[in-house]
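Engineer: Can you keep this structure in mind? I'll have questions shortly.
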Amino acid sequence: MGRIQLKDVTKSFGDVQVIPPLNLTIEDGEFTVFVGPSGCGKSTLLRLIAGLEDITSGVIEINGEDATDVVPARRGLAMVFQSYALYPHMSVRKNIAFPLRMAKMGQDEIDKRVTAAAEVLNLTDYLDRRPGQLSGGQRQRVAIGRAIVREPAAFLFDEPLSNLDAALRVGMRMEISELHKKLDTTMIYVTHDQVEAMTMADKIVVLQAGNIEQVGSPLELYQRPRNTFVAGFIGSPKMNLISGAEAAKYDAATIGIRPEHIDLSETEGPWKGVVGVSEHLGSDTFFHIQCDFSDEPLTVRASGELTLEYGATVHLTPRAEYLHRFDAEGLRIE
Amino acid sequence: MARAVTTKRKTLTTALAWAIGLLIFFPILWTILTSFKTEAQAIANPPIFLNFDWTLENYAIVQERSDYMRFLWNSVILAGGSTLLGIIIAVPAAWSMAFVPSKRTKDILLWMLSTKMLPAVGVLYPIYLLFIELGLLDSRAGLVIVLMLINLPIIVWMLYTYFREIPGEILEAARMDGATLKEELLYILTPMAIPGIASTVLLNFILAWNEAFWTLNLTAVDAAPLTAFIASYSSPEGLFFAKLSAASTMAIAPILILGWFSQKQLVRGLTFGAVK
Amino acid sequence: MATKASRSAARIMMAPAVVLLLGWMLIPLSLTVIFSFKKFLPLRGDRITDRGEGFGDFMWEYVRGFPTLDWVGFENFSRFVGSSSFWPSVWTTLVIVGGVLAITVVLGILLSLLLDQPMWGQGVVRILVIAPFFVMPTVSALVWKNMFMDPVNGLFAHLWRFFGAEPVAWLSEASMGSIVMIVSWQWLPFATLILLTAIQSLDSEQLEAAEMDGAGPLQRFGHIILPHLGRAITIVILIQTIFLLSIFAEIFVTTGGAFGTRTLTYLIFQRVLESQNVGLGSAGGVYAIILANIVAIFLMRIVGKNLDA
């Protein structure tokens with residue numbers, strides 16, 4: 001069981017309020033991702049849930065019980081840190097066993113659980129090594145092992161993949177998702193990388209300056225961003241956001257259109273522009289096209305085979321059904 | 001990238017550096033050599049460098065006459081006791097300042113440093129008086145406390161700079177893993193900081209061993225360490241070079257050896273972390 | 001960044017160190033200040049208590065400001081400054097501190113530059129150079145005084161005779177120079193070690209860039225190395241000043257303050273413990289504390305700045 005509820009939670013450091021009143025419910029078994037630009041308060045929020053920071057006001061409930069003043073160790077949560085935070089002077093075995101030792105568990109039970117965790121994580125051959133002798137990915141797995149042996153109510157991950165190289169990151173992403181399917185335990189995962197959020201989450205919480213901008217499934221956020229911030233943050237390459245006269249034609253302060261929702265033609269279309277940089281990815285090609293109504297070039301996705309000359313003139317047609325409209329406050333207009 | 005240097009230049013630098021190094025070290029070397037000479041050879045003119053009759057006689061005489069072992073033992077107790085006591089008090093304090101810093105942490109650290117700069121002579125009489133009133137004059141306990149107090153700022157500072165290099169996340173991980181504060185200090189922080197704590201112990205042992213203001217002024221017989229033992233040789237009747245050398249060698253040998261081990265940490269400790 | 005629980009734990013764990021140092025600072029300091037305004041000559045029968053001798057009585061008298069001793073206002077302060085030995089002792093202190101600083105910093109820079117060069121046996125040379133720092137002050141004073149500077153049997157005397165010169169009675173005829181030399185020998189390793197550490201932290205690419213820009217060895221020293229060493233030099237000067245202001249054993253063992261080597265520290269020591277004029281000595285102590293604090297403020301500024309980084 002791992003249902004976590006935040007009620008009117010705020011956090012201030014001195015006079016600076018980093019989390020304005022915030023309400024959020026994380027259901028049992030859900031994989032929730034906190035995502036946002038750096039400094040948005042996502043890590044602070046995680047540390048509040050962990051109990052590593054006091055909340056300034058409000059209530060945190062874990063499984064319906066008030067956990068606001070409970071020390072971290074008694075909240076039944078396990079955390080995987082960005083730096084892995086492995087104990088360098090202990091072997092992998094001792095690292096994984098540490099939380100069990102602290103819980104005064106019997107040695108037999110400890111051995112059993114450590115062995116089981118090591119098997120799940122492919123660490124059996126490394127149990128007697130020190131963390132310093134392991135690769136980045138292996139360290140990451142030890143950190144996860146230390147978390148799962150406790151059989152916690154929920155796992156907290158603080159940017160766990162940011163120290164790995166790109167190839168390893170994709171692999172670990174899969175492994176963590178796999179683990180979630182296997183354990184079926186609540187996981188809260190903090191990242192600034194929206195790709196990680198999109199690929200792993202059941203539920204994404206987009207944060208900016210301590211405020212929740214939107215909560216929803218990855219597809220909900222992608223298809224129906226609640227405001228311009230979410231629209232610009234979720235999706236890669238970014239959604240094209242156009243304001244001014246062109247937006248006014250659609251009765252909106254800002255309109256947004258994703259790169260894959262613009263048709264490209266050499267002869268006709270409502271928007272005329274000049275081809276700038278082209279990025280050939282093989283499967284797709286992204287063109288940056290400078291239109292006269294926008295300061296920023298628009299990004300347009302086309303098939304991988306298409307090539308266009310730098311400086312050539314092209315015409316663009318946005319698909320009306322995929323056009324997002326936002327009002328002067330940046331909120332979505334349905 | 002280091003650059004290749006011509007052998008000629010390297011030979012020159014080596015020769016020069018060794019010459020200067022030996023010149024600086026010479027007084028110590030000469031003392032050690034003289035300690036193995038007879039009194040007549042010790043003052044011979046021209047001086048005898050190596051081809052003298054090596055003898056251990058001086059060491060035996062020094063020990064017999066002045067009970068060297070008693071002074072040595074006092075030095076060990078004073079330096080060891082004050083360092084140990086200092087570490088026990090400083091580890092929790094340095095933990096607090098390194099991992100739970102507050103707005104006042106910096107002020108407290110600097111204030112601690114300022115107590116180290118209080119000139120000893122300025123408080124000589126009050127301490128002397130307090131020692132008399134408390135019956136601590138010429139007692140080991142009293143000196144252990146004083147030496148601990150004068151070095152406590154350095155111990156706190158050194159530990160603080162070492163602790164700051166330990167990532168806070170590891171301690172937080174321990175907290176999440178269910179460790180109490182005591183367990184966190186005992187199982188995680190202390191083992192991780194062993195190298196730092198060891199160098200702190202080493203440097204403070206050396207400083208306490210060589211301390212020569214309080215040990216000279218607050219001891220007479222019972223608690224007198226090697227500093228006082230050596231100072232007693234400054235009177236004219238003790239003027240025998242070979243024995244003086246033997247006594248000196250015995251007083252500095254243990255610390256020279258320890259000192260060579262601690263040279264890397266010396267800089268950090270003596271500059272309060274300002275130079276690493 | 002932490003919880004209330006850990007903050008209160010932190011406060012409790014800091015308490016012993018803070019309380020002890022606070023006591024260590026305030027009690028003796030306040031006693032010195034009180035005595036500096038008193039007539040207090042224990043050898044002439046001045047007593048701080050007219051009752052028992054217990055510590056409780058002492059504390060009671062302390063709290064009441066030692067009423068058995070007469071207040072004399074600023075008399076001790078003016079007498080200390082007015083005595084014929086005051087200004088010479090200030091001068092002696094300045095010469096020793098200034099002389100040792102000049103020698104150790106200049107030689108320290110040269111030596112650290114040399115030790116930074118590639119050579120064979122660098123580790124051993126380093127150890128040889130550092131060794132004097134670990135020699136206890138009484139030993140180095142005694143060794144220098146007798147085995148090197150003794151006018152009859154000292155090594156220098158032999159050397160002088162070898163060249164046909166008349167041996168010098170170093171500690172009486174050239175007392176100041178001798179003491180500056182002994183103390184410099186003790187402190188040169190400290191300066192060298194710190195400056196060497198600082199030089200080694202210099203990014204060698206900076207030097208290579210300067211070389212590419214056409215700077216010769218002297219220019220590289222003047223424009224790159226010396227500025228880089230600036231902070232380390234300041235720290236060496238400040239820390240050494242603090243320690244040098246209170247050198248004691250070296251003078252105690254060699255000249256006992258004779259032949260113009262009585263520093264301020266030694267003068268106060270003599271007033272307090274040898275002639276037992278506690279009031280006068282305490283006034284001197286207050287001066288010494290003020291002097292040390294002036295230096296300390298500069299040092300703390302630098303160290304404090306480093307804390308933020």
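Identifiers in the structure tokens: chain A, B, ... in order shown; residue index from 1 per chain; ligand index from 1 in order shown.
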Once you count only C-alpha atoms, which residues of chain A turn out to be within 6 Å of chain B? Could you give them as a PyMOL selection string?
Structural biologist: chain A and resi 72-73+85+99+102
Engineer: Export C-alpha atoms of the chosen residues as an mmCIF file, in the first residue's frame?
Structural biologist:
data_model
loop_
_atom_site.group_PDB
_atom_site.id
_atom_site.type_symbol
_atom_site.label_atom_id
_atom_site.label_comp_id
_atom_site.auth_asym_id
_atom_site.auth_seq_id
_atom_site.Cartn_x
_atom_site.Cartn_y
_atom_site.Cartn_z
ATOM 1 C CA PRO A 72 12.193 9.920 7.434
ATOM 2 C CA ALA A 73 13.116 6.479 8.728
ATOM 3 C CA ALA A 85 24.669 7.995 -2.131
ATOM 4 C CA PRO A 99 18.433 -0.554 5.976
ATOM 5 C CA MET A 102 18.981 -0.597 10.962
#
Engineer: If we count only C-alpha atoms, which residues of chain B reach to within 7 Å of chain C? Please list them as an MDAnalysis selection string.
Structural biologist: chainID B and resid 10 13:14 17:18 21:22 24:25 43 45:46 89:90 92:93 96 100 110 114:115 117:119 121:123 125:127 133:134 149 210 212:213 227 230:231 234 241 248 252 255:256 259:260 267 274:276
Engineer: Mind pulling up the distance from CA of Ala224 (chain B) to CA of Ser75 (chain B)?
Structural biologist: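 Going from CA of Ser75 (chain B) over to CA of Ala224 (chain B), I get 7.8 Å.
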Engineer: Which residues in region 33-248 of chain B does DSSP call alpha helix (DSSP H)? List them as JSON, numbers by chain.
Structural biologist: {"B": [33, 34, 39, 40, 41, 42, 57, 58, 59, 60, 61, 62, 63, 64, 65, 66, 68, 69, 70, 71, 72, 73, 74, 75, 76, 77, 78, 79, 80, 81, 82, 83, 84, 85, 86, 87, 88, 89, 90, 91, 92, 93, 94, 95, 96, 97, 98, 99, 105, 106, 107, 108, 109, 110, 111, 112, 113, 114, 115, 116, 124, 125, 126, 127, 128, 129, 130, 131, 132, 133, 140, 141, 142, 143, 144, 145, 146, 147, 148, 149, 150, 151, 152, 153, 154, 155, 156, 157, 158, 159, 160, 161, 162, 163, 168, 169, 170, 171, 172, 173, 174, 175, 176, 181, 182, 183, 190, 191, 192, 193, 194, 195, 196, 197, 198, 199, 200, 201, 202, 203, 204, 205, 206, 207, 208, 209, 210, 214, 215, 216, 217, 226, 227, 228, 229, 230, 231, 241, 242, 243, 244, 245, 246, 247, 248]}
Engineer: With a cut-off of 8 Å, could you pull out the residues of chain A touching chain C and give me the nearest pair of atoms for each, distance in Å to one decimal, using only C-alpha atoms, ordered by chain and ascending number, as CSV?
Structural biologist:
residue,atom,partner,partner_atom,distance
A:Gly51,CA,C:Thr3,CA,7.8
A:Leu52,CA,C:Ala2,CA,6.3
A:Glu53,CA,C:Thr3,CA,4.9
A:Asp54,CA,C:Thr3,CA,5.0
Engineer: Neighbours of region 64-68 of chain B within 9 Å (only C-alpha atoms; same-chain residues fewer than 2 positions away dropped), as a list in words?
Structural biologist: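 The residues satisfying every condition are Tyr59, Ala60, Ile61, Val62, Arg70, Phe71, Leu72, Trp73, Leu226, Phe229, Ala247 and Met250 of chain B.
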Engineer: Separation of CA of Trp71 (chain C) and CA of Ile132 (chain B), in Å?
Structural biologist: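 Taking CA of Trp71 (chain C) and CA of Ile132 (chain B), their separation equals 23.1 Å.
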Engineer: Might you pull out every residue within 12 Å of region 131-140 of chain A, with only C-alpha atoms counted and same-chain residues fewer than 3 positions away left off, and present them as a ChimeraX atom specification?
Structural biologist: /A:79-96,118,121-128,143-147,157-173,175-176
Engineer: Can you list, as a CSV table (one decimal) with C-alpha atoms, in the first residue's frame, every protein, DNA or RNA residue that comes within 8 Å of Arg164 (chain B) when you count only C-alpha atoms, leaving out same-chain residues fewer than 4 positions away?
Structural biologist:
chain,number,residue,atom,x,y,z
B,98,ALA,CA,29.1,20.7,8.0
B,99,PHE,CA,25.8,19.1,7.5
B,160,TYR,CA,34.8,20.6,9.3
Engineer: In Å to one decimal, how far is CA of Val71 (chain A) from CA of Leu183 (chain A)?
Structural biologist: 24.9 Å
Engineer: Check region 24-238 of chain C with DSSP on the backbone and list each residue it calls strand (DSSP E or B), as a list in words.
Structural biologist: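 Across region 24-238 of chain C, those assigned strand (DSSP E or B) are Lys38, Lys39, Asp70 and Trp71 of chain C.
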Engineer: Hey, can you spit out that residue selection with all heavy atoms as a PDB file, in the first residue's frame?
Structural biologist:
ATOM      1  N   LYS C  38      43.953  46.593  38.849  1.00  0.00           N
ATOM      2  CA  LYS C  38      44.164  46.384  40.284  1.00  0.00           C
ATOM      3  C   LYS C  38      45.638  46.526  40.648  1.00  0.00           C
ATOM      4  O   LYS C  38      46.522  46.342  39.807  1.00  0.00           O
ATOM      5  CB  LYS C  38      43.737  44.951  40.666  1.00  0.00           C
ATOM      6  CG  LYS C  38      42.257  44.666  40.523  1.00  0.00           C
ATOM      7  CD  LYS C  38      41.519  45.070  41.756  1.00  0.00           C
ATOM      8  CE  LYS C  38      40.083  44.538  41.708  1.00  0.00           C
ATOM      9  NZ  LYS C  38      39.351  44.917  42.911  1.00  0.00           N
ATOM     10  N   LYS C  39      45.873  46.788  41.926  1.00  0.00           N
ATOM     11  CA  LYS C  39      47.235  46.628  42.455  1.00  0.00           C
ATOM     12  C   LYS C  39      47.292  45.201  42.989  1.00  0.00           C
ATOM     13  O   LYS C  39      46.515  44.813  43.840  1.00  0.00           O
ATOM     14  CB  LYS C  39      47.514  47.620  43.590  1.00  0.00           C
ATOM     15  CG  LYS C  39      48.915  47.468  44.191  1.00  0.00           C
ATOM     16  CD  LYS C  39      49.181  48.491  45.287  1.00  0.00           C
ATOM     17  CE  LYS C  39      48.883  47.970  46.680  1.00  0.00           C
ATOM     18  NZ  LYS C  39      49.662  46.815  47.139  1.00  0.00           N
ATOM     19  N   ASP C  70      43.103  46.518  45.638  1.00  0.00           N
ATOM     20  CA  ASP C  70      42.721  47.915  45.397  1.00  0.00           C
ATOM     21  C   ASP C  70      42.633  48.218  43.911  1.00  0.00           C
ATOM     22  O   ASP C  70      43.498  47.824  43.130  1.00  0.00           O
ATOM     23  CB  ASP C  70      43.765  48.860  46.024  1.00  0.00           C
ATOM     24  CG  ASP C  70      43.810  48.673  47.532  1.00  0.00           C
ATOM     25  OD1 ASP C  70      42.752  48.308  48.100  1.00  0.00           O
ATOM     26  OD2 ASP C  70      44.901  48.848  48.104  1.00  0.00           O
ATOM     27  N   TRP C  71      41.564  48.953  43.552  1.00  0.00           N
ATOM     28  CA  TRP C  71      41.462  49.438  42.171  1.00  0.00           C
ATOM     29  C   TRP C  71      42.468  50.557  41.976  1.00  0.00           C
ATOM     30  O   TRP C  71      42.619  51.409  42.842  1.00  0.00           O
ATOM     31  CB  TRP C  71      40.062  49.973  41.898  1.00  0.00           C
ATOM     32  CG  TRP C  71      38.982  48.918  41.937  1.00  0.00           C
ATOM     33  CD1 TRP C  71      38.117  48.660  42.964  1.00  0.00           C
ATOM     34  CD2 TRP C  71      38.644  48.002  40.886  1.00  0.00           C
ATOM     35  NE1 TRP C  71      37.277  47.628  42.635  1.00  0.00           N
ATOM     36  CE2 TRP C  71      37.577  47.212  41.371  1.00  0.00           C
ATOM     37  CE3 TRP C  71      39.151  47.772  39.613  1.00  0.00           C
ATOM     38  CZ2 TRP C  71      36.992  46.200  40.605  1.00  0.00           C
ATOM     39  CZ3 TRP C  71      38.568  46.781  38.855  1.00  0.00           C
ATOM     40  CH2 TRP C  71      37.503  45.988  39.339  1.00  0.00           C
TER      41      TRP C  71
END
Engineer: I'd like the neighbourhood of Lys203 (chain A) as a list in words, where a residue qualifies if any of its atoms comes within 6 Å (using only C-alpha atoms), though same-chain residues fewer than 4 positions away should be ignored.
Structural biologist: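 Contacts, in chain order: Thr32, Gly216 and Ser217 of chain A.
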Engineer: Give me a file of those residues, with N, CA and C atoms, as an mmCIF file, in the first residue's frame.
Structural biologist:
data_model
loop_
_atom_site.group_PDB
_atom_site.id
_atom_site.type_symbol
_atom_site.label_atom_id
_atom_site.label_comp_id
_atom_site.auth_asym_id
_atom_site.auth_seq_id
_atom_site.Cartn_x
_atom_site.Cartn_y
_atom_site.Cartn_z
ATOM 1 N N THR A 32 4.485 8.010 -10.672
ATOM 2 C CA THR A 32 4.265 9.441 -10.847
ATOM 3 C C THR A 32 5.601 10.128 -11.106
ATOM 4 N N GLY A 216 -1.539 14.814 -15.181
ATOM 5 C CA GLY A 216 -2.266 13.968 -16.110
ATOM 6 C C GLY A 216 -1.379 12.881 -16.676
ATOM 7 N N SER A 217 -2.003 12.025 -17.491
ATOM 8 C CA SER A 217 -1.226 10.978 -18.134
ATOM 9 C C SER A 217 -0.372 11.610 -19.223
#
